[in-house]
>>> print(open('protein-v2.txt').read())   # compact mmCIF, N, CA and C atoms
# COMPACT_ATOMS: atom_id res chain seq x y z
N MET R 556 9.53 4.90 -82.70
CA MET R 556 10.34 5.83 -81.94
C MET R 556 11.02 6.79 -82.91
N GLU R 557 10.98 8.06 -82.56
CA GLU R 557 11.52 9.11 -83.40
C GLU R 557 12.96 9.44 -82.99
N LYS R 558 13.83 9.57 -83.97
CA LYS R 558 15.21 9.93 -83.68
C LYS R 558 15.36 11.45 -83.69
N ILE R 559 16.05 11.95 -82.72
CA ILE R 559 16.29 13.38 -82.64
C ILE R 559 17.69 13.66 -83.20
N ARG R 560 17.75 14.56 -84.14
CA ARG R 560 19.03 14.93 -84.74
C ARG R 560 19.45 16.29 -84.21
N VAL R 561 20.65 16.33 -83.71
CA VAL R 561 21.19 17.57 -83.19
C VAL R 561 22.44 17.91 -83.99
N LYS R 562 22.50 19.11 -84.49
CA LYS R 562 23.66 19.53 -85.25
C LYS R 562 24.67 20.13 -84.28
N LEU R 563 25.81 19.46 -84.15
CA LEU R 563 26.84 19.91 -83.22
C LEU R 563 27.79 20.88 -83.91
N LYS R 564 28.18 21.90 -83.18
CA LYS R 564 29.13 22.86 -83.69
C LYS R 564 30.51 22.52 -83.13
N LYS R 565 31.50 22.47 -83.99
CA LYS R 565 32.85 22.18 -83.54
C LYS R 565 33.40 23.37 -82.77
N LYS R 566 34.07 23.08 -81.66
CA LYS R 566 34.64 24.14 -80.85
C LYS R 566 36.06 24.44 -81.30
N ASP R 567 36.49 25.65 -81.03
CA ASP R 567 37.87 26.03 -81.32
C ASP R 567 38.78 25.35 -80.31
N PRO R 568 39.98 24.99 -80.72
CA PRO R 568 40.92 24.36 -79.77
C PRO R 568 41.38 25.37 -78.73
N LEU R 569 41.66 24.88 -77.55
CA LEU R 569 42.13 25.71 -76.45
C LEU R 569 43.64 25.52 -76.30
N LEU R 570 44.37 26.61 -76.31
CA LEU R 570 45.82 26.57 -76.14
C LEU R 570 46.17 27.17 -74.79
N VAL R 571 47.10 26.57 -74.10
CA VAL R 571 47.59 27.09 -72.83
C VAL R 571 49.04 27.50 -73.04
N LEU R 572 49.31 28.77 -72.83
CA LEU R 572 50.66 29.29 -72.98
C LEU R 572 51.24 29.52 -71.60
N LEU R 573 52.41 28.96 -71.34
CA LEU R 573 53.05 29.09 -70.04
C LEU R 573 54.19 30.08 -70.10
N ASP R 574 54.52 30.66 -68.96
CA ASP R 574 55.65 31.57 -68.80
C ASP R 574 55.57 32.78 -69.73
N VAL R 575 54.39 33.37 -69.84
CA VAL R 575 54.20 34.58 -70.62
C VAL R 575 54.34 35.76 -69.65
N LEU R 576 55.13 36.74 -70.02
CA LEU R 576 55.35 37.88 -69.14
C LEU R 576 54.13 38.80 -69.10
N ALA R 577 53.92 39.42 -67.94
CA ALA R 577 52.77 40.32 -67.76
C ALA R 577 52.90 41.59 -68.58
N VAL R 578 54.12 41.96 -68.95
CA VAL R 578 54.31 43.18 -69.73
C VAL R 578 53.80 43.03 -71.16
N ASN R 579 53.61 41.80 -71.63
CA ASN R 579 53.07 41.57 -72.98
C ASN R 579 51.56 41.72 -72.97
N SER R 580 51.05 42.52 -73.88
CA SER R 580 49.60 42.69 -73.99
C SER R 580 48.99 41.52 -74.75
N ASP R 581 47.67 41.43 -74.72
CA ASP R 581 46.98 40.37 -75.45
C ASP R 581 47.25 40.46 -76.94
N GLU R 582 47.29 41.69 -77.49
CA GLU R 582 47.54 41.88 -78.91
C GLU R 582 48.95 41.42 -79.29
N GLU R 583 49.92 41.68 -78.43
CA GLU R 583 51.28 41.26 -78.71
C GLU R 583 51.41 39.73 -78.70
N ILE R 584 50.71 39.09 -77.78
CA ILE R 584 50.73 37.63 -77.70
C ILE R 584 50.10 37.02 -78.95
N ILE R 585 48.98 37.57 -79.38
CA ILE R 585 48.29 37.06 -80.57
C ILE R 585 49.15 37.30 -81.82
N ARG R 586 49.78 38.47 -81.93
CA ARG R 586 50.64 38.76 -83.07
C ARG R 586 51.83 37.80 -83.12
N ALA R 587 52.45 37.53 -81.96
CA ALA R 587 53.58 36.60 -81.92
C ALA R 587 53.14 35.19 -82.29
N LEU R 588 51.96 34.77 -81.82
CA LEU R 588 51.44 33.45 -82.16
C LEU R 588 51.19 33.32 -83.65
N ARG R 589 50.64 34.36 -84.27
CA ARG R 589 50.41 34.35 -85.72
C ARG R 589 51.73 34.32 -86.50
N ASN R 590 52.72 35.11 -86.05
CA ASN R 590 54.01 35.15 -86.74
C ASN R 590 54.74 33.82 -86.67
N GLN R 591 54.66 33.14 -85.55
CA GLN R 591 55.37 31.87 -85.39
C GLN R 591 54.66 30.72 -86.09
N ASN R 592 53.38 30.89 -86.43
CA ASN R 592 52.61 29.82 -87.05
C ASN R 592 51.96 30.30 -88.34
N ARG R 593 52.71 30.98 -89.19
CA ARG R 593 52.15 31.52 -90.44
C ARG R 593 51.58 30.44 -91.34
N GLY R 594 52.19 29.28 -91.35
CA GLY R 594 51.71 28.20 -92.21
C GLY R 594 50.32 27.71 -91.82
N VAL R 595 49.98 27.81 -90.56
CA VAL R 595 48.67 27.37 -90.08
C VAL R 595 47.60 28.40 -90.46
N PHE R 596 47.94 29.68 -90.35
CA PHE R 596 46.95 30.73 -90.55
C PHE R 596 46.84 31.22 -92.00
N CYS R 597 47.75 30.83 -92.88
CA CYS R 597 47.76 31.40 -94.23
C CYS R 597 46.55 30.96 -95.07
N GLY R 598 46.02 29.77 -94.88
CA GLY R 598 44.93 29.28 -95.72
C GLY R 598 43.54 29.55 -95.17
N LEU R 599 43.43 30.23 -94.05
CA LEU R 599 42.12 30.45 -93.43
C LEU R 599 41.44 31.68 -93.99
N ASP R 600 40.12 31.61 -94.13
CA ASP R 600 39.37 32.79 -94.52
C ASP R 600 39.03 33.59 -93.25
N LYS R 601 38.45 34.76 -93.42
CA LYS R 601 38.19 35.67 -92.30
C LYS R 601 37.26 35.07 -91.25
N ASP R 602 36.30 34.23 -91.66
CA ASP R 602 35.35 33.65 -90.71
C ASP R 602 36.02 32.64 -89.78
N ASN R 603 36.99 31.91 -90.27
CA ASN R 603 37.65 30.88 -89.47
C ASN R 603 38.93 31.36 -88.81
N ASP R 604 39.34 32.58 -89.09
CA ASP R 604 40.58 33.12 -88.54
C ASP R 604 40.25 33.94 -87.29
N ARG R 605 40.24 33.26 -86.14
CA ARG R 605 39.90 33.97 -84.90
C ARG R 605 40.74 33.43 -83.74
N ILE R 606 41.28 34.36 -82.99
CA ILE R 606 42.05 34.05 -81.79
C ILE R 606 41.63 35.06 -80.72
N GLN R 607 41.45 34.58 -79.51
CA GLN R 607 41.16 35.49 -78.41
C GLN R 607 41.75 34.96 -77.12
N VAL R 608 42.11 35.87 -76.24
CA VAL R 608 42.64 35.50 -74.93
C VAL R 608 41.45 35.39 -73.99
N LYS R 609 41.29 34.20 -73.39
CA LYS R 609 40.16 33.95 -72.52
C LYS R 609 40.44 34.29 -71.06
N PHE R 610 41.67 34.01 -70.62
CA PHE R 610 41.94 34.10 -69.20
C PHE R 610 43.42 34.35 -68.98
N ARG R 611 43.73 35.22 -68.05
CA ARG R 611 45.11 35.44 -67.62
C ARG R 611 45.15 35.19 -66.13
N LYS R 612 45.97 34.25 -65.74
CA LYS R 612 46.06 33.83 -64.34
C LYS R 612 46.94 34.79 -63.54
N ARG R 613 46.53 35.09 -62.33
CA ARG R 613 47.36 35.88 -61.44
C ARG R 613 48.34 34.95 -60.73
N VAL R 614 49.58 35.37 -60.64
CA VAL R 614 50.62 34.54 -60.02
C VAL R 614 51.32 35.34 -58.93
N LEU R 615 52.13 34.63 -58.14
CA LEU R 615 52.87 35.29 -57.07
C LEU R 615 53.93 36.24 -57.60
N ASN R 616 54.60 35.84 -58.67
CA ASN R 616 55.61 36.69 -59.29
C ASN R 616 54.89 37.69 -60.20
N PRO R 617 54.94 38.99 -59.91
CA PRO R 617 54.17 39.96 -60.71
C PRO R 617 54.66 40.11 -62.14
N ILE R 618 55.82 39.60 -62.46
CA ILE R 618 56.32 39.71 -63.84
C ILE R 618 55.65 38.68 -64.74
N GLN R 619 55.33 37.50 -64.22
CA GLN R 619 54.67 36.45 -65.00
C GLN R 619 53.17 36.62 -64.92
N ALA R 620 52.48 36.43 -66.04
CA ALA R 620 51.02 36.57 -66.06
C ALA R 620 50.32 35.24 -66.22
N MET R 621 50.90 34.30 -66.93
CA MET R 621 50.22 33.04 -67.18
C MET R 621 51.04 31.91 -66.66
>>> encode(input="protein-v2.txt", output="structure tokens")
Amino acid sequence: MEKIRVKLKKKDPLLVLLDVLAVNSDEEIIRALRNQNRGVFCGLDKDNDRIQVKFRKRVLNPIQAM
């Protein structure tokens, strides 16, 4: 019997941010996250340094976005 080897790629962690105001843009949220966690991002090279906003939930209160 032959063993099949599959090389798995590690996924980026998913963060859920609550009570983020709708007036904040995605760039502002990412900048604030980087500023508050400088120790985490300081040792990363350009290939591993990536953050993106995947989804913004619509809510009843138009001021809140997530």
>>> atom_distance(input="protein-v2.txt", atom1="atom N of Leu615 in chain R", atom2="atom C of Ala577 in chain R")
12.6 Å
>>> select_by_dssp(input="protein-v2.txt", residues="chain R", states="helix (DSSP H, G or I)", output="list in words")
Asp581, Glu582, Glu583, Ile584, Ile585, Arg586, Ala587, Leu588, Arg589, Asn590, Gln591, Arg593, Gly594, Val595 and Phe596 of chain R
>>> atom_distance(input="protein-v2.txt", atom1="atom C of Ile606 in chain R", atom2="atom C of Lys566 in chain R")
12.0 Å
>>> atom_distance(input="protein-v2.txt", atom1="CA of Leu599 in chain R", atom2="CA of Asp574 in chain R")
28.1 Å
>>> closest_residue(input="protein-v2.txt", among="R:Arg586, R:Val561, R:Leu570, R:Gln591", to="Phe610 in chain R", atoms="only C-alpha atoms")
R:Leu570
>>> closest_residue(input="protein-v2.txt", among="R:Val608, R:Leu563, R:Cys597, R:Leu569", to="Glu582 in chain R", atoms="all atoms listed in the file")
R:Val608
